[in-house]
>>> print(open('protein.pdb').read())   # PDB, C-alpha atoms
ATOM      1  CA  MET F  34      51.513   0.426  17.493  1.00  0.00           C
ATOM      2  CA  ARG F  35      54.395  -0.838  19.528  1.00  0.00           C
ATOM      3  CA  TRP F  36      53.901   1.489  22.436  1.00  0.00           C
ATOM      4  CA  LEU F  37      50.440   0.160  23.143  1.00  0.00           C
ATOM      5  CA  ALA F  38      50.394  -2.246  26.080  1.00  0.00           C
ATOM      6  CA  LYS F  39      49.677  -5.822  25.226  1.00  0.00           C
ATOM      7  CA  PRO F  40      46.477  -7.294  26.654  1.00  0.00           C
ATOM      8  CA  ALA F  41      47.081  -8.227  30.271  1.00  0.00           C
ATOM      9  CA  TYR F  42      47.794 -11.875  31.057  1.00  0.00           C
ATOM     10  CA  SER F  43      47.776 -12.890  27.373  1.00  0.00           C
ATOM     11  CA  ARG F  44      51.200 -14.543  27.386  1.00  0.00           C
ATOM     12  CA  LEU F  45      50.426 -17.743  29.224  1.00  0.00           C
ATOM     13  CA  GLN F  46      48.041 -20.422  28.154  1.00  0.00           C
ATOM     14  CA  VAL F  47      45.246 -21.332  30.506  1.00  0.00           C
ATOM     15  CA  ASP F  48      46.707 -24.662  31.686  1.00  0.00           C
ATOM     16  CA  GLU F  49      50.132 -23.142  32.337  1.00  0.00           C
ATOM     17  CA  ARG F  50      48.629 -20.233  34.293  1.00  0.00           C
ATOM     18  CA  ARG F  51      46.518 -22.596  36.376  1.00  0.00           C
ATOM     19  CA  ARG F  52      49.553 -24.789  37.084  1.00  0.00           C
ATOM     20  CA  GLN F  53      51.530 -21.760  38.260  1.00  0.00           C
ATOM     21  CA  LEU F  54      48.687 -20.623  40.499  1.00  0.00           C
ATOM     22  CA  LEU F  55      48.449 -24.095  42.010  1.00  0.00           C
ATOM     23  CA  GLU F  56      52.180 -24.093  42.716  1.00  0.00           C
ATOM     24  CA  LEU F  57      51.947 -20.687  44.344  1.00  0.00           C
ATOM     25  CA  GLY F  58      48.868 -21.720  46.312  1.00  0.00           C
ATOM     26  CA  THR F  59      50.654 -24.830  47.540  1.00  0.00           C
ATOM     27  CA  ASP F  60      53.597 -22.735  48.763  1.00  0.00           C
ATOM     28  CA  LEU F  61      51.372 -20.148  50.444  1.00  0.00           C
ATOM     29  CA  PHE F  62      49.077 -22.631  52.184  1.00  0.00           C
ATOM     30  CA  ALA F  63      52.135 -24.574  53.321  1.00  0.00           C
ATOM     31  CA  SER F  64      53.567 -21.546  55.104  1.00  0.00           C
ATOM     32  CA  HIS F  65      50.396 -19.750  56.263  1.00  0.00           C
ATOM     33  CA  SER F  66      47.205 -20.852  57.923  1.00  0.00           C
ATOM     34  CA  TYR F  67      44.074 -20.893  55.798  1.00  0.00           C
ATOM     35  CA  ASP F  68      42.616 -17.884  57.614  1.00  0.00           C
ATOM     36  CA  GLU F  69      45.781 -15.805  57.136  1.00  0.00           C
ATOM     37  CA  LEU F  70      45.376 -15.795  53.377  1.00  0.00           C
ATOM     38  CA  SER F  71      42.877 -13.899  51.272  1.00  0.00           C
ATOM     39  CA  MET F  72      42.236 -14.051  47.554  1.00  0.00           C
ATOM     40  CA  ALA F  73      43.522 -10.477  47.321  1.00  0.00           C
ATOM     41  CA  ARG F  74      46.826 -11.449  48.894  1.00  0.00           C
ATOM     42  CA  ILE F  75      47.162 -14.582  46.745  1.00  0.00           C
ATOM     43  CA  ALA F  76      46.502 -12.519  43.615  1.00  0.00           C
ATOM     44  CA  ARG F  77      49.074  -9.967  44.761  1.00  0.00           C
ATOM     45  CA  GLU F  78      51.656 -12.697  45.314  1.00  0.00           C
ATOM     46  CA  ALA F  79      50.877 -14.067  41.843  1.00  0.00           C
ATOM     47  CA  GLY F  80      51.170 -10.636  40.228  1.00  0.00           C
ATOM     48  CA  ILE F  81      47.694 -10.809  38.735  1.00  0.00           C
ATOM     49  CA  SER F  82      44.362  -9.174  39.378  1.00  0.00           C
ATOM     50  CA  LYS F  83      41.934 -10.629  41.887  1.00  0.00           C
ATOM     51  CA  ALA F  84      39.386 -10.900  39.084  1.00  0.00           C
ATOM     52  CA  LEU F  85      41.715 -13.130  37.073  1.00  0.00           C
ATOM     53  CA  LEU F  86      42.382 -15.320  40.110  1.00  0.00           C
ATOM     54  CA  TYR F  87      38.631 -15.739  40.581  1.00  0.00           C
ATOM     55  CA  HIS F  88      38.402 -16.726  36.916  1.00  0.00           C
ATOM     56  CA  TYR F  89      40.605 -19.757  37.626  1.00  0.00           C
ATOM     57  CA  PHE F  90      39.396 -20.487  41.151  1.00  0.00           C
ATOM     58  CA  PRO F  91      35.948 -19.166  42.134  1.00  0.00           C
ATOM     59  CA  SER F  92      36.837 -19.171  45.844  1.00  0.00           C
ATOM     60  CA  LYS F  93      39.757 -19.496  48.227  1.00  0.00           C
ATOM     61  CA  ARG F  94      38.370 -22.820  49.386  1.00  0.00           C
ATOM     62  CA  GLU F  95      38.378 -24.194  45.837  1.00  0.00           C
ATOM     63  CA  LEU F  96      42.009 -23.125  45.400  1.00  0.00           C
ATOM     64  CA  PHE F  97      42.906 -24.665  48.750  1.00  0.00           C
ATOM     65  CA  VAL F  98      41.230 -27.977  47.914  1.00  0.00           C
ATOM     66  CA  ALA F  99      42.867 -28.007  44.457  1.00  0.00           C
ATOM     67  CA  THR F 100      46.331 -27.615  46.017  1.00  0.00           C
ATOM     68  CA  LEU F 101      45.624 -30.485  48.410  1.00  0.00           C
ATOM     69  CA  GLN F 102      44.377 -32.705  45.610  1.00  0.00           C
ATOM     70  CA  GLN F 103      47.454 -31.964  43.542  1.00  0.00           C
ATOM     71  CA  SER F 104      49.777 -32.861  46.422  1.00  0.00           C
ATOM     72  CA  ALA F 105      47.778 -36.019  47.114  1.00  0.00           C
ATOM     73  CA  ALA F 106      48.070 -37.085  43.475  1.00  0.00           C
ATOM     74  CA  GLU F 107      51.823 -36.467  43.575  1.00  0.00           C
ATOM     75  CA  VAL F 108      52.222 -38.590  46.702  1.00  0.00           C
ATOM     76  CA  GLU F 109      50.034 -41.354  45.300  1.00  0.00           C
ATOM     77  CA  SER F 110      52.164 -41.515  42.159  1.00  0.00           C
ATOM     78  CA  LEU F 111      55.422 -41.557  44.148  1.00  0.00           C
ATOM     79  CA  THR F 112      54.256 -44.333  46.445  1.00  0.00           C
ATOM     80  CA  GLU F 113      52.684 -46.651  43.859  1.00  0.00           C
ATOM     81  CA  PRO F 114      53.808 -50.129  44.988  1.00  0.00           C
ATOM     82  CA  ASP F 115      55.816 -52.323  42.631  1.00  0.00           C
ATOM     83  CA  PRO F 116      53.689 -55.420  41.946  1.00  0.00           C
ATOM     84  CA  GLU F 117      56.834 -57.386  41.095  1.00  0.00           C
ATOM     85  CA  LEU F 118      58.181 -57.111  44.653  1.00  0.00           C
ATOM     86  CA  PRO F 119      57.163 -59.250  47.649  1.00  0.00           C
ATOM     87  CA  PRO F 120      54.471 -57.479  49.732  1.00  0.00           C
ATOM     88  CA  LEU F 121      56.712 -56.349  52.605  1.00  0.00           C
ATOM     89  CA  GLU F 122      59.481 -55.134  50.283  1.00  0.00           C
ATOM     90  CA  ALA F 123      56.978 -53.239  48.128  1.00  0.00           C
ATOM     91  CA  LEU F 124      55.592 -51.596  51.266  1.00  0.00           C
ATOM     92  CA  SER F 125      59.088 -50.658  52.408  1.00  0.00           C
ATOM     93  CA  VAL F 126      59.885 -48.954  49.097  1.00  0.00           C
ATOM     94  CA  SER F 127      56.556 -47.081  49.055  1.00  0.00           C
ATOM     95  CA  LEU F 128      56.927 -46.007  52.665  1.00  0.00           C
ATOM     96  CA  ASP F 129      60.442 -44.737  52.051  1.00  0.00           C
ATOM     97  CA  ALA F 130      59.193 -42.700  49.088  1.00  0.00           C
ATOM     98  CA  PHE F 131      56.450 -41.228  51.295  1.00  0.00           C
ATOM     99  CA  LEU F 132      58.897 -40.292  54.046  1.00  0.00           C
ATOM    100  CA  GLY F 133      61.172 -38.769  51.404  1.00  0.00           C
ATOM    101  CA  TRP F 134      58.321 -36.589  50.164  1.00  0.00           C
ATOM    102  CA  ILE F 135      57.606 -35.461  53.722  1.00  0.00           C
ATOM    103  CA  GLU F 136      61.281 -34.600  54.251  1.00  0.00           C
ATOM    104  CA  GLU F 137      61.030 -32.298  51.237  1.00  0.00           C
ATOM    105  CA  HIS F 138      57.659 -30.827  52.299  1.00  0.00           C
ATOM    106  CA  PRO F 139      57.638 -30.907  56.127  1.00  0.00           C
ATOM    107  CA  VAL F 140      55.715 -27.661  56.556  1.00  0.00           C
ATOM    108  CA  ALA F 141      53.085 -28.671  54.007  1.00  0.00           C
ATOM    109  CA  TYR F 142      52.522 -31.997  55.759  1.00  0.00           C
ATOM    110  CA  GLY F 143      52.318 -30.314  59.158  1.00  0.00           C
ATOM    111  CA  LYS F 144      49.854 -27.723  57.883  1.00  0.00           C
ATOM    112  CA  LEU F 145      47.736 -30.472  56.347  1.00  0.00           C
ATOM    113  CA  MET F 146      47.484 -32.241  59.687  1.00  0.00           C
ATOM    114  CA  GLU F 147      46.787 -28.954  61.483  1.00  0.00           C
ATOM    115  CA  SER F 148      43.959 -28.205  59.032  1.00  0.00           C
ATOM    116  CA  SER F 149      42.304 -31.601  59.396  1.00  0.00           C
ATOM    117  CA  HIS F 150      39.409 -30.037  61.322  1.00  0.00           C
ATOM    118  CA  GLN F 151      38.228 -28.416  58.097  1.00  0.00           C
ATOM    119  CA  PRO F 152      35.686 -30.594  56.271  1.00  0.00           C
ATOM    120  CA  GLU F 153      37.498 -30.541  52.918  1.00  0.00           C
ATOM    121  CA  VAL F 154      40.805 -31.491  54.499  1.00  0.00           C
ATOM    122  CA  ARG F 155      39.213 -34.136  56.696  1.00  0.00           C
ATOM    123  CA  ASP F 156      37.484 -35.679  53.682  1.00  0.00           C
ATOM    124  CA  LEU F 157      40.669 -35.609  51.618  1.00  0.00           C
ATOM    125  CA  VAL F 158      42.763 -37.216  54.367  1.00  0.00           C
ATOM    126  CA  ALA F 159      40.073 -39.868  54.885  1.00  0.00           C
ATOM    127  CA  ASP F 160      40.035 -40.580  51.160  1.00  0.00           C
ATOM    128  CA  ILE F 161      43.844 -40.874  51.080  1.00  0.00           C
ATOM    129  CA  ARG F 162      43.763 -43.296  54.014  1.00  0.00           C
ATOM    130  CA  ASP F 163      41.028 -45.370  52.380  1.00  0.00           C
ATOM    131  CA  ARG F 164      42.879 -45.550  49.058  1.00  0.00           C
ATOM    132  CA  THR F 165      46.175 -46.355  50.776  1.00  0.00           C
ATOM    133  CA  SER F 166      44.505 -49.070  52.839  1.00  0.00           C
ATOM    134  CA  GLU F 167      43.019 -50.556  49.678  1.00  0.00           C
ATOM    135  CA  ARG F 168      46.430 -50.559  47.981  1.00  0.00           C
ATOM    136  CA  ILE F 169      48.115 -52.247  50.946  1.00  0.00           C
ATOM    137  CA  LEU F 170      45.358 -54.818  51.357  1.00  0.00           C
ATOM    138  CA  GLY F 171      45.302 -55.440  47.623  1.00  0.00           C
ATOM    139  CA  GLY F 172      48.988 -56.324  47.838  1.00  0.00           C
ATOM    140  CA  VAL F 173      48.914 -58.507  50.957  1.00  0.00           C
ATOM    141  CA  ALA F 174      45.440 -60.031  50.580  1.00  0.00           C
ATOM    142  CA  PRO F 175      44.501 -59.989  46.880  1.00  0.00           C
ATOM    143  CA  ASP F 176      41.664 -62.451  47.430  1.00  0.00           C
ATOM    144  CA  GLY F 177      40.030 -60.233  50.026  1.00  0.00           C
ATOM    145  CA  ALA F 178      41.042 -58.992  53.451  1.00  0.00           C
ATOM    146  CA  PRO F 179      39.518 -60.494  56.612  1.00  0.00           C
ATOM    147  CA  PRO F 180      37.896 -57.850  58.836  1.00  0.00           C
ATOM    148  CA  LYS F 181      40.618 -57.919  61.491  1.00  0.00           C
ATOM    149  CA  LEU F 182      43.345 -57.454  58.874  1.00  0.00           C
ATOM    150  CA  ARG F 183      41.440 -54.526  57.377  1.00  0.00           C
ATOM    151  CA  ALA F 184      41.065 -52.966  60.827  1.00  0.00           C
ATOM    152  CA  ALA F 185      44.765 -53.519  61.582  1.00  0.00           C
ATOM    153  CA  VAL F 186      45.927 -51.774  58.404  1.00  0.00           C
ATOM    154  CA  THR F 187      43.466 -48.902  58.866  1.00  0.00           C
ATOM    155  CA  GLY F 188      44.619 -48.380  62.451  1.00  0.00           C
ATOM    156  CA  TRP F 189      48.267 -48.461  61.382  1.00  0.00           C
ATOM    157  CA  LEU F 190      47.668 -45.619  58.920  1.00  0.00           C
ATOM    158  CA  TRP F 191      46.313 -43.466  61.765  1.00  0.00           C
ATOM    159  CA  LEU F 192      49.295 -44.430  63.918  1.00  0.00           C
ATOM    160  CA  MET F 193      51.677 -43.504  61.108  1.00  0.00           C
ATOM    161  CA  ASP F 194      50.555 -39.870  61.054  1.00  0.00           C
ATOM    162  CA  GLY F 195      51.213 -39.529  64.793  1.00  0.00           C
ATOM    163  CA  VAL F 196      54.653 -41.091  64.489  1.00  0.00           C
ATOM    164  CA  ILE F 197      55.573 -38.846  61.560  1.00  0.00           C
ATOM    165  CA  LEU F 198      54.433 -35.690  63.361  1.00  0.00           C
ATOM    166  CA  ASP F 199      56.660 -36.647  66.306  1.00  0.00           C
ATOM    167  CA  TRP F 200      59.534 -37.234  63.856  1.00  0.00           C
ATOM    168  CA  LEU F 201      59.076 -33.812  62.321  1.00  0.00           C
ATOM    169  CA  ALA F 202      58.853 -32.157  65.728  1.00  0.00           C
ATOM    170  CA  HIS F 203      62.050 -33.721  67.126  1.00  0.00           C
ATOM    171  CA  ARG F 204      64.173 -34.825  64.161  1.00  0.00           C
ATOM    172  CA  ASP F 205      66.089 -37.264  66.351  1.00  0.00           C
ATOM    173  CA  VAL F 206      65.371 -40.489  64.461  1.00  0.00           C
ATOM    174  CA  PRO F 207      67.047 -41.193  61.090  1.00  0.00           C
ATOM    175  CA  ARG F 208      64.607 -41.708  58.246  1.00  0.00           C
ATOM    176  CA  ALA F 209      65.722 -45.312  57.657  1.00  0.00           C
ATOM    177  CA  GLU F 210      65.128 -46.147  61.322  1.00  0.00           C
ATOM    178  CA  LEU F 211      61.727 -44.469  61.240  1.00  0.00           C
ATOM    179  CA  ARG F 212      60.789 -46.549  58.211  1.00  0.00           C
ATOM    180  CA  GLU F 213      61.782 -49.732  60.037  1.00  0.00           C
ATOM    181  CA  LEU F 214      59.849 -48.636  63.117  1.00  0.00           C
ATOM    182  CA  LEU F 215      56.705 -48.113  61.045  1.00  0.00           C
ATOM    183  CA  LEU F 216      57.144 -51.384  59.196  1.00  0.00           C
ATOM    184  CA  GLY F 217      57.637 -53.161  62.523  1.00  0.00           C
ATOM    185  CA  ALA F 218      54.457 -51.569  63.854  1.00  0.00           C
ATOM    186  CA  LEU F 219      52.564 -52.728  60.774  1.00  0.00           C
ATOM    187  CA  ALA F 220      53.937 -56.251  61.141  1.00  0.00           C
ATOM    188  CA  GLY F 221      52.880 -56.211  64.798  1.00  0.00           C
ATOM    189  CA  VAL F 222      49.254 -55.267  64.162  1.00  0.00           C
ATOM    190  CA  VAL F 223      49.016 -57.655  61.218  1.00  0.00           C
ATOM    191  CA  MET F 224      50.363 -60.471  63.402  1.00  0.00           C
ATOM    192  CA  ALA F 225      47.871 -59.538  66.111  1.00  0.00           C
ATOM    193  CA  SER F 226      45.079 -59.833  63.539  1.00  0.00           C
ATOM    194  CA  GLY F 227      46.080 -63.466  62.984  1.00  0.00           C
ATOM    195  CA  GLU F 228      47.075 -62.804  59.372  1.00  0.00           C
ATOM    196  CA  GLY F 229      50.852 -62.573  59.716  1.00  0.00           C
ATOM    197  CA  GLN F 230      51.400 -64.737  56.645  1.00  0.00           C
ATOM    198  CA  ALA F 231      49.963 -61.947  54.490  1.00  0.00           C
ATOM    199  CA  LEU F 232      53.180 -59.904  54.730  1.00  0.00           C
ATOM    200  CA  THR F 233      55.421 -62.777  53.745  1.00  0.00           C
ATOM    201  CA  GLY F 234      53.308 -64.329  51.039  1.00  0.00           C
TER     202      GLY F 234
END
>>> encode(input="protein.pdb", output="structure tokens")
Amino acid sequence: MRWLAKPAYSRLQVDERRRQLLELGTDLFASHSYDELSMARIAREAGISKALLYHYFPSKRELFVATLQQSAAEVESLTEPDPELPPLEALSVSLDAFLGWIEEHPVAYGKLMESSHQPEVRDLVADIRDRTSERILGGVAPDGAPPKLRAAVTGWLWLMDGVILDWLAHRDVPRAELRELLLGALAGVVMASGEGQALTG
């Protein structure tokens, strides 16, 4: 009978529904603090029942972590270095792609840094830094990085977050100049480690 309502939420396949919920979650967590949001509010924003939201994500924390992981995967894909380029040029291209992503998602990046006291966020950020450090070191020291070079690159990644937060707060440095500033800082710490040839090899 045509007047009978169709079963609720039957129109979208599971993967498509989950993708939409992740997109919504990303937007909401980017514009609200973690504590400001409840599963009831997220379900309301999605136009679904709270029970259905719990079916896809058993807790708010799991949804939050899933949105962070999705963003991290997107950034990792965008910044994959080109193995055909010299190390410093490959780094420049990857860094520019990263800054471009931040320009498009400034609130999300800021909220991520603000939430770094939460264990899941702290662990995710640490994992991103470790993986990024491995990618950089794999490009500049494929035969293995000396300890001081490893420490220099790791420290630079921490420095980069502080520089970017200042950039977002003031917006008085063009993106190209910020990229060159960060590359110069990396070159400086690598030179100080005694492994300056790694960036030009």
>>> residues_near_point(input="protein.pdb", point="(54.6, -25.2, 43.1)", cutoff="12 Å", atoms="only C-alpha atoms", output="PyMOL selection string")
chain F and resi 49-63+79+100-101+103-104+107+138+141
>>> closest_residue(input="protein.pdb", among="F:Glu147, F:Glu213, F:Asp115, F:Asp176", to="F:Ser66", atoms="all atoms listed in the file")
F:Glu147
>>> atom_distance(input="protein.pdb", atom1="atom CA of F:Gly177", atom2="atom CA of F:Ile161")
19.8 Å
>>> closest_residue(input="protein.pdb", among="F:Ala123, F:Leu192, F:Ala202, F:Ala178", to="F:Leu214", atoms="all atoms listed in the file")
F:Leu192
>>> atom_distance(input="protein.pdb", atom1="atom CA of F:Pro120", atom2="atom CA of F:Ala105")
22.6 Å
>>> residues_around(input="protein.pdb", residues="F:Glu95", least_positions_apart="3", cutoff="12 Å", atoms="all atoms listed in the file", output="list in words")
Leu55, Gly58, Tyr67, Met72, Leu86, Tyr87, His88, Tyr89, Phe90, Pro91, Ser92, Val98, Ala99, Thr100, Leu101, Gln102, Glu153 and Val154 of chain F
>>> write_last_selection(input="protein.pdb", atoms="C-alpha atoms", output="short mmCIF file (atom, residue, chain, number, x, y, z; two decimals), keeping the file's coordinate frame")
data_model
loop_
_atom_site.label_atom_id
_atom_site.label_comp_id
_atom_site.auth_asym_id
_atom_site.auth_seq_id
_atom_site.Cartn_x
_atom_site.Cartn_y
_atom_site.Cartn_z
CA LEU F 55 48.45 -24.10 42.01
CA GLY F 58 48.87 -21.72 46.31
CA TYR F 67 44.07 -20.89 55.80
CA MET F 72 42.24 -14.05 47.55
CA LEU F 86 42.38 -15.32 40.11
CA TYR F 87 38.63 -15.74 40.58
CA HIS F 88 38.40 -16.73 36.92
CA TYR F 89 40.60 -19.76 37.63
CA PHE F 90 39.40 -20.49 41.15
CA PRO F 91 35.95 -19.17 42.13
CA SER F 92 36.84 -19.17 45.84
CA VAL F 98 41.23 -27.98 47.91
CA ALA F 99 42.87 -28.01 44.46
CA THR F 100 46.33 -27.62 46.02
CA LEU F 101 45.62 -30.48 48.41
CA GLN F 102 44.38 -32.70 45.61
CA GLU F 153 37.50 -30.54 52.92
CA VAL F 154 40.80 -31.49 54.50
#
>>> residues_around(input="protein.pdb", residues="F:Gly221", least_positions_apart="5", cutoff="10 Å", atoms="only C-alpha atoms", output="tab-separated table (two decimals) with C-alpha atoms, in the frame of the given file")
chain	number	residue	atom	x	y	z
F	185	ALA	CA	44.76	-53.52	61.58
F	189	TRP	CA	48.27	-48.46	61.38
F	215	LEU	CA	56.70	-48.11	61.04
F	216	LEU	CA	57.14	-51.38	59.20
F	226	SER	CA	45.08	-59.83	63.54
F	229	GLY	CA	50.85	-62.57	59.72
>>> residues_around(input="protein.pdb", residues="F:Glu122", least_positions_apart="5", cutoff="12 Å", atoms="only C-alpha atoms", output="mmCIF file with C-alpha atoms, keeping the file's coordinate frame")
data_model
loop_
_atom_site.group_PDB
_atom_site.id
_atom_site.type_symbol
_atom_site.label_atom_id
_atom_site.label_comp_id
_atom_site.auth_asym_id
_atom_site.auth_seq_id
_atom_site.Cartn_x
_atom_site.Cartn_y
_atom_site.Cartn_z
ATOM 1 C CA PRO F 114 53.808 -50.129 44.988
ATOM 2 C CA ASP F 115 55.816 -52.323 42.631
ATOM 3 C CA PRO F 116 53.689 -55.420 41.946
ATOM 4 C CA GLU F 117 56.834 -57.386 41.095
ATOM 5 C CA SER F 127 56.556 -47.081 49.055
ATOM 6 C CA LEU F 128 56.927 -46.007 52.665
ATOM 7 C CA ASP F 129 60.442 -44.737 52.051
ATOM 8 C CA ILE F 169 48.115 -52.247 50.946
ATOM 9 C CA GLY F 172 48.988 -56.324 47.838
ATOM 10 C CA VAL F 173 48.914 -58.507 50.957
ATOM 11 C CA ARG F 212 60.789 -46.549 58.211
ATOM 12 C CA GLU F 213 61.782 -49.732 60.037
ATOM 13 C CA LEU F 216 57.144 -51.384 59.196
ATOM 14 C CA LEU F 232 53.180 -59.904 54.730
ATOM 15 C CA THR F 233 55.421 -62.777 53.745
ATOM 16 C CA GLY F 234 53.308 -64.329 51.039
#
>>> closest_residue(input="protein.pdb", among="F:Leu118, F:Gln46, F:Leu182, F:Gly143", to="F:Trp200", atoms="all atoms listed in the file")
F:Gly143
>>> atom_distance(input="protein.pdb", atom1="atom CA of F:Val222", atom2="atom CA of F:His150")
27.2 Å
>>> closest_residue(input="protein.pdb", among="F:Leu70, F:Ala130, F:Phe97, F:Ala225", to="F:Ser110", atoms="all atoms listed in the file")
F:Ala130
>>> resolve_selection(input="protein.pdb", expression="the PyMOL selection byres ((chain F and resi 73) around 12)", output="short mmCIF file (atom, residue, chain, number, x, y, z; two decimals) with C-alpha atoms, keeping the file's coordinate frame")
data_model
loop_
_atom_site.label_atom_id
_atom_site.label_comp_id
_atom_site.auth_asym_id
_atom_site.auth_seq_id
_atom_site.Cartn_x
_atom_site.Cartn_y
_atom_site.Cartn_z
CA GLU F 69 45.78 -15.80 57.14
CA LEU F 70 45.38 -15.80 53.38
CA SER F 71 42.88 -13.90 51.27
CA MET F 72 42.24 -14.05 47.55
CA ARG F 74 46.83 -11.45 48.89
CA ILE F 75 47.16 -14.58 46.74
CA ALA F 76 46.50 -12.52 43.62
CA ARG F 77 49.07 -9.97 44.76
CA GLU F 78 51.66 -12.70 45.31
CA ALA F 79 50.88 -14.07 41.84
CA GLY F 80 51.17 -10.64 40.23
CA ILE F 81 47.69 -10.81 38.74
CA SER F 82 44.36 -9.17 39.38
CA LYS F 83 41.93 -10.63 41.89
CA ALA F 84 39.39 -10.90 39.08
CA LEU F 85 41.72 -13.13 37.07
CA LEU F 86 42.38 -15.32 40.11
CA TYR F 87 38.63 -15.74 40.58
CA SER F 92 36.84 -19.17 45.84
CA LYS F 93 39.76 -19.50 48.23
#
>>> closest_residue(input="protein.pdb", among="F:Gly171, F:Pro139, F:Pro152, F:Pro119", to="F:Arg94", atoms="all atoms listed in the file")
F:Pro152
>>> decode(input="protein.pdb", residues="stretch 149-192 of chain F", atoms="C-alpha atoms", output="compact mmCIF listing (two decimals), in the first residue's frame")
# COMPACT_ATOMS: atom_id res chain seq x y z
CA SER F 149 45.41 17.36 22.42
CA HIS F 150 45.01 16.86 26.18
CA GLN F 151 42.55 14.06 25.48
CA PRO F 152 44.29 10.67 25.33
CA GLU F 153 42.84 9.66 21.95
CA VAL F 154 43.82 12.95 20.36
CA ARG F 155 47.25 12.93 21.97
CA ASP F 156 47.88 9.40 20.72
CA LEU F 157 46.68 10.26 17.22
CA VAL F 158 48.84 13.39 16.99
CA ALA F 159 51.84 11.43 18.29
CA ASP F 160 51.23 8.74 15.69
CA ILE F 161 50.96 11.35 12.91
CA ARG F 162 54.23 12.94 14.03
CA ASP F 163 55.97 9.56 14.17
CA ARG F 164 54.74 8.57 10.71
CA THR F 165 55.64 11.97 9.26
CA SER F 166 59.10 11.78 10.82
CA GLU F 167 59.59 8.33 9.32
CA ARG F 168 58.55 9.59 5.88
CA ILE F 169 60.91 12.57 6.05
CA LEU F 170 63.81 10.50 7.35
CA GLY F 171 63.12 7.81 4.79
CA GLY F 172 63.52 10.44 2.08
CA VAL F 173 66.63 12.20 3.40
CA ALA F 174 68.38 9.24 5.04
CA PRO F 175 67.19 6.04 3.33
CA ASP F 176 70.05 4.02 4.82
CA GLY F 177 69.10 4.98 8.35
CA ALA F 178 68.99 8.24 10.27
CA PRO F 179 71.68 9.10 12.84
CA PRO F 180 70.20 9.87 16.27
CA LYS F 181 70.82 13.62 16.07
CA LEU F 182 69.12 13.83 12.67
CA ARG F 183 66.14 11.89 14.01
CA ALA F 184 65.92 14.23 17.01
CA ALA F 185 66.20 17.30 14.75
CA VAL F 186 63.33 16.21 12.50
CA THR F 187 61.15 15.21 15.46
CA GLY F 188 61.75 18.57 17.14
CA TRP F 189 60.96 20.42 13.91
CA LEU F 190 57.56 18.73 13.70
CA TRP F 191 56.71 20.05 17.18
CA LEU F 192 57.95 23.50 16.18
